[in-house]
Amino acid sequence: MHPALLKTPYFTVYSYGFCMALAVMLAWLISSRLARRPSYSVSQAADLLFIFFVAGIAGARLFYVLQHPSEFTGRWVAVFFLQEGGLVWYGGFIGGVVCGVFYMRLRRIPILPWADLFSPVLALSQAVGRVGCYLNGCCFGRDGHAVQLYESTFLAVLSVFLFLRFIRRKMNGEVFVLYLMGYGSARFALEFLRGDQSSYGGLTLPQWVSLCLVTFGIGFYGYLRRSYR
């Protein structure tokens, strides 16, 4: 574990923050490249990425604070200490999607084409972010399982698959639902190796959310297929 990559008398570079910054930089470089394709816009990609990032960080932190309020009792200012870790991915995903959809509806931007574009970018960014979790020493599983690295490896493979599907897709929305089904299934399985989540009805909260995403993905994919035909 290496929570700090670099320490000087003047500043410290934290591994968690560094990986987050790297993930955002990669997301911008790749999404701006993909947005040069017809029917997309680089400027819109920049606007959407900014909204996803800000809303995602806020949602991820809020979700963590609501799940672990005792960690912040008497020190609520620590809510803003993101370098310490403490971001819940599903909270960030929900926050980013809600705010992104609201913005696109407001600006009358088609949602599904952009959902397809950002899905492989999102998977790759998650893969980088999970490396930050590993270096920071958080999110380990039972018996020392490096669940963060398992998830990071899966997400890297998933991102390659989604990039290829994005290039060859036949209908808008199919890449997004493949992301939902792929990541939801993997996260559901990996949760059995983790020991830092409370159980509700025999499953953890991330597992319940994963089931919802997979179920929605399957149903929406069927709807897209029928509409395409």
# chains A, B, ... in the order shown; residues from 1 in each chain; ligands from 1
>>> select_by_dssp(residues="region 8-227 of chain A", states="strand (DSSP E)", output="list in words")
Thr12, Val13, Tyr14, Ser199, Tyr200, Leu203 and Thr204 of chain A
>>> residues_around(residues="Phe188 (chain A)", least_positions_apart="5", cutoff="8 Å", atoms="only C-alpha atoms", output="list in words")
Pro206, Gln207, Ser210 and Leu211 of chain A
>>> closest_atom_pairs(of="region 3-115 of chain A", to="region 168-185 of chain A", cutoff="12 Å", atoms="only C-alpha atoms", output="JSON lines")
{"residue": "A:Ser39", "atom": "CA", "partner": "A:Asn172", "partner_atom": "CA", "distance": 11.9}
{"residue": "A:Trp89", "atom": "CA", "partner": "A:Tyr183", "partner_atom": "CA", "distance": 11.5}
{"residue": "A:Tyr90", "atom": "CA", "partner": "A:Gly184", "partner_atom": "CA", "distance": 10.2}
{"residue": "A:Phe93", "atom": "CA", "partner": "A:Leu180", "partner_atom": "CA", "distance": 10.9}
{"residue": "A:Val97", "atom": "CA", "partner": "A:Phe176", "partner_atom": "CA", "distance": 11.7}
{"residue": "A:Pro110", "atom": "CA", "partner": "A:Asn172", "partner_atom": "CA", "distance": 9.8}
{"residue": "A:Ile111", "atom": "CA", "partner": "A:Gly173", "partner_atom": "CA", "distance": 8.6}
{"residue": "A:Leu112", "atom": "CA", "partner": "A:Gly173", "partner_atom": "CA", "distance": 4.8}
{"residue": "A:Pro113", "atom": "CA", "partner": "A:Asn172", "partner_atom": "CA", "distance": 5.4}
{"residue": "A:Trp114", "atom": "CA", "partner": "A:Gly173", "partner_atom": "CA", "distance": 8.6}
{"residue": "A:Ala115", "atom": "CA", "partner": "A:Phe176", "partner_atom": "CA", "distance": 5.7}
>>> residues_around(residues="region 146-155 of chain A", least_positions_apart="6", cutoff="8 Å", atoms="only C-alpha atoms", output="JSON, numbers by chain")
{"A": [123, 124, 126, 127, 128, 129, 130, 131, 133, 134, 139, 140, 183, 186, 187, 190, 193, 194]}
>>> select_by_dssp(residues="region 141-228 of chain A", states="alpha helix (DSSP H)", output="CSV table (one decimal) with C-alpha atoms, in the first residue's frame")
chain,number,residue,atom,x,y,z
A,147,VAL,CA,-10.8,-7.1,-4.8
A,148,GLN,CA,-9.8,-3.7,-6.2
A,149,LEU,CA,-7.4,-5.2,-8.6
A,150,TYR,CA,-9.8,-8.0,-9.6
A,151,GLU,CA,-12.4,-5.3,-10.5
A,152,SER,CA,-9.8,-3.1,-12.2
A,153,THR,CA,-8.7,-6.0,-14.4
A,154,PHE,CA,-12.3,-6.8,-15.4
A,155,LEU,CA,-13.1,-3.2,-16.1
A,156,ALA,CA,-10.1,-2.8,-18.3
A,157,VAL,CA,-11.2,-5.8,-20.4
A,158,LEU,CA,-14.8,-4.6,-20.4
A,159,SER,CA,-13.7,-1.2,-21.7
A,160,VAL,CA,-11.9,-2.7,-24.6
A,161,PHE,CA,-15.0,-4.8,-25.5
A,162,LEU,CA,-17.2,-1.7,-25.2
A,163,PHE,CA,-14.9,0.4,-27.4
A,164,LEU,CA,-15.2,-2.2,-30.1
A,165,ARG,CA,-19.0,-2.4,-29.7
A,166,PHE,CA,-19.2,1.4,-29.9
A,167,ILE,CA,-17.4,1.4,-33.2
A,168,ARG,CA,-19.7,-1.3,-34.6
A,174,GLU,CA,-26.7,-0.9,-26.9
A,175,VAL,CA,-23.2,-0.1,-25.5
A,176,PHE,CA,-24.7,1.5,-22.4
A,177,VAL,CA,-26.9,-1.5,-21.6
A,178,LEU,CA,-23.9,-3.9,-22.2
A,179,TYR,CA,-22.0,-1.8,-19.6
A,180,LEU,CA,-24.8,-2.0,-17.1
A,181,MET,CA,-25.1,-5.8,-17.5
A,182,GLY,CA,-21.4,-6.4,-17.6
A,183,TYR,CA,-20.4,-4.3,-14.6
A,184,GLY,CA,-23.5,-5.1,-12.6
A,185,SER,CA,-22.8,-8.8,-12.9
A,186,ALA,CA,-19.1,-8.5,-12.0
A,187,ARG,CA,-19.8,-6.2,-9.1
A,188,PHE,CA,-22.5,-8.6,-7.7
A,189,ALA,CA,-20.0,-11.5,-7.8
A,190,LEU,CA,-17.1,-9.5,-6.3
A,205,LEU,CA,-26.5,-2.7,-0.8
A,206,PRO,CA,-24.1,-2.7,-3.9
A,207,GLN,CA,-25.4,-6.2,-4.8
A,208,TRP,CA,-29.0,-5.0,-4.7
A,209,VAL,CA,-28.1,-2.0,-6.9
A,210,SER,CA,-26.2,-4.4,-9.2
A,211,LEU,CA,-29.3,-6.6,-9.6
A,212,CYS,CA,-31.3,-3.6,-10.4
A,213,LEU,CA,-28.8,-2.5,-13.1
A,214,VAL,CA,-28.6,-5.9,-14.6
A,215,THR,CA,-32.4,-6.3,-14.7
A,216,PHE,CA,-32.9,-2.9,-16.2
A,217,GLY,CA,-30.1,-3.6,-18.7
A,218,ILE,CA,-31.7,-6.8,-19.9
A,219,GLY,CA,-35.2,-5.3,-20.1
A,220,PHE,CA,-34.0,-2.2,-21.9
A,221,TYR,CA,-31.9,-4.2,-24.3
A,222,GLY,CA,-35.0,-6.2,-25.3
A,223,TYR,CA,-36.8,-2.9,-25.8
A,224,LEU,CA,-34.0,-1.6,-28.0
A,225,ARG,CA,-34.0,-4.7,-30.1
A,226,ARG,CA,-37.7,-4.6,-30.7
A,227,SER,CA,-37.5,-0.9,-31.6
A,228,TYR,CA,-34.6,-1.5,-34.0
>>> closest_residue(among="A:Pro38, A:Gly95, A:Pro69, A:Gly132", to="Cys19 (chain A)", atoms="only C-alpha atoms")
A:Gly132
>>> closest_residue(among="A:Gln44, A:Val88, A:Trp76, A:Arg229", to="Leu62 (chain A)", atoms="only C-alpha atoms")
A:Val88
>>> closest_atom_pairs(of="region 51-104 of chain A", to="region 195-199 of chain A", cutoff="12 Å", atoms="only C-alpha atoms", output="Markdown table")
| residue | atom | partner | partner_atom | distance |
| --- | --- | --- | --- | --- |
| A:Tyr64 | CA | A:Gln197 | CA | 11.2 |
| A:Gln67 | CA | A:Gln197 | CA | 9.2 |
| A:His68 | CA | A:Gln197 | CA | 10.3 |
| A:Val88 | CA | A:Gln197 | CA | 11.2 |
>>> write_last_selection(atoms="N, CA and C atoms", output="PDB file, in the first residue's frame")
ATOM      1  N   TYR A  64     -21.262   7.645   0.602  1.00  0.00           N
ATOM      2  CA  TYR A  64     -20.356   7.098   1.622  1.00  0.00           C
ATOM      3  C   TYR A  64     -20.674   7.675   2.999  1.00  0.00           C
ATOM      4  N   GLN A  67     -23.649   6.141   4.514  1.00  0.00           N
ATOM      5  CA  GLN A  67     -23.419   4.765   4.945  1.00  0.00           C
ATOM      6  C   GLN A  67     -22.526   4.680   6.178  1.00  0.00           C
ATOM      7  N   HIS A  68     -21.656   5.674   6.383  1.00  0.00           N
ATOM      8  CA  HIS A  68     -20.707   5.645   7.501  1.00  0.00           C
ATOM      9  C   HIS A  68     -20.730   6.965   8.276  1.00  0.00           C
ATOM     10  N   VAL A  88     -18.200   6.091  -2.806  1.00  0.00           N
ATOM     11  CA  VAL A  88     -18.964   4.902  -3.174  1.00  0.00           C
ATOM     12  C   VAL A  88     -19.331   5.013  -4.648  1.00  0.00           C
TER      13      VAL A  88
END
>>> residues_around(residues="Arg33 (chain A)", least_positions_apart="2", cutoff="12 Å", atoms="only C-alpha atoms", output="ChimeraX atom specification")
/A:26-31,35-38,40-43,45-46,117-118,121
>>> write_last_selection(atoms="N, CA and C atoms", output="short mmCIF file (atom, residue, chain, number, x, y, z; two decimals), in the first residue's frame")
data_model
loop_
_atom_site.label_atom_id
_atom_site.label_comp_id
_atom_site.auth_asym_id
_atom_site.auth_seq_id
_atom_site.Cartn_x
_atom_site.Cartn_y
_atom_site.Cartn_z
N LEU A 26 -7.69 10.82 -18.75
CA LEU A 26 -7.92 9.82 -19.78
C LEU A 26 -9.33 9.92 -20.34
N ALA A 27 -10.29 10.17 -19.46
CA ALA A 27 -11.68 10.30 -19.90
C ALA A 27 -11.82 11.46 -20.88
N TRP A 28 -11.16 12.56 -20.58
CA TRP A 28 -11.25 13.72 -21.48
C TRP A 28 -10.54 13.44 -22.81
N LEU A 29 -9.36 12.88 -22.77
CA LEU A 29 -8.61 12.62 -24.00
C LEU A 29 -9.37 11.67 -24.92
N ILE A 30 -9.92 10.60 -24.34
CA ILE A 30 -10.59 9.59 -25.16
C ILE A 30 -11.96 10.07 -25.62
N SER A 31 -12.74 10.67 -24.73
CA SER A 31 -14.08 11.12 -25.11
C SER A 31 -14.01 12.24 -26.15
N ALA A 35 -15.65 11.98 -29.76
CA ALA A 35 -16.67 12.97 -30.09
C ALA A 35 -16.42 13.67 -31.43
N ARG A 36 -15.31 13.35 -32.09
CA ARG A 36 -15.08 13.90 -33.42
C ARG A 36 -15.85 13.17 -34.50
N ARG A 37 -16.49 12.08 -34.10
CA ARG A 37 -17.30 11.32 -35.04
C ARG A 37 -18.56 12.10 -35.39
N PRO A 38 -19.18 11.80 -36.54
CA PRO A 38 -20.42 12.48 -36.93
C PRO A 38 -21.50 12.35 -35.87
N TYR A 40 -21.69 13.94 -33.13
CA TYR A 40 -21.19 14.28 -31.80
C TYR A 40 -20.53 15.65 -31.84
N SER A 41 -20.13 16.15 -30.68
CA SER A 41 -19.49 17.45 -30.59
C SER A 41 -18.46 17.43 -29.46
N VAL A 42 -17.26 17.92 -29.74
CA VAL A 42 -16.20 17.94 -28.73
C VAL A 42 -16.58 18.88 -27.59
N SER A 43 -17.18 20.00 -27.90
CA SER A 43 -17.57 20.95 -26.86
C SER A 43 -18.65 20.36 -25.95
N ALA A 45 -19.01 17.19 -25.40
CA ALA A 45 -18.32 16.16 -24.62
C ALA A 45 -17.65 16.78 -23.39
N ALA A 46 -17.04 17.94 -23.57
CA ALA A 46 -16.38 18.62 -22.44
C ALA A 46 -17.40 19.04 -21.39
N LEU A 117 -21.25 6.57 -26.00
CA LEU A 117 -19.88 7.10 -26.10
C LEU A 117 -19.16 7.05 -24.76
N PHE A 118 -19.85 7.41 -23.71
CA PHE A 118 -19.18 7.50 -22.40
C PHE A 118 -19.05 6.15 -21.68
N VAL A 121 -15.53 4.71 -21.89
CA VAL A 121 -14.67 5.67 -21.19
C VAL A 121 -14.85 5.52 -19.68
#
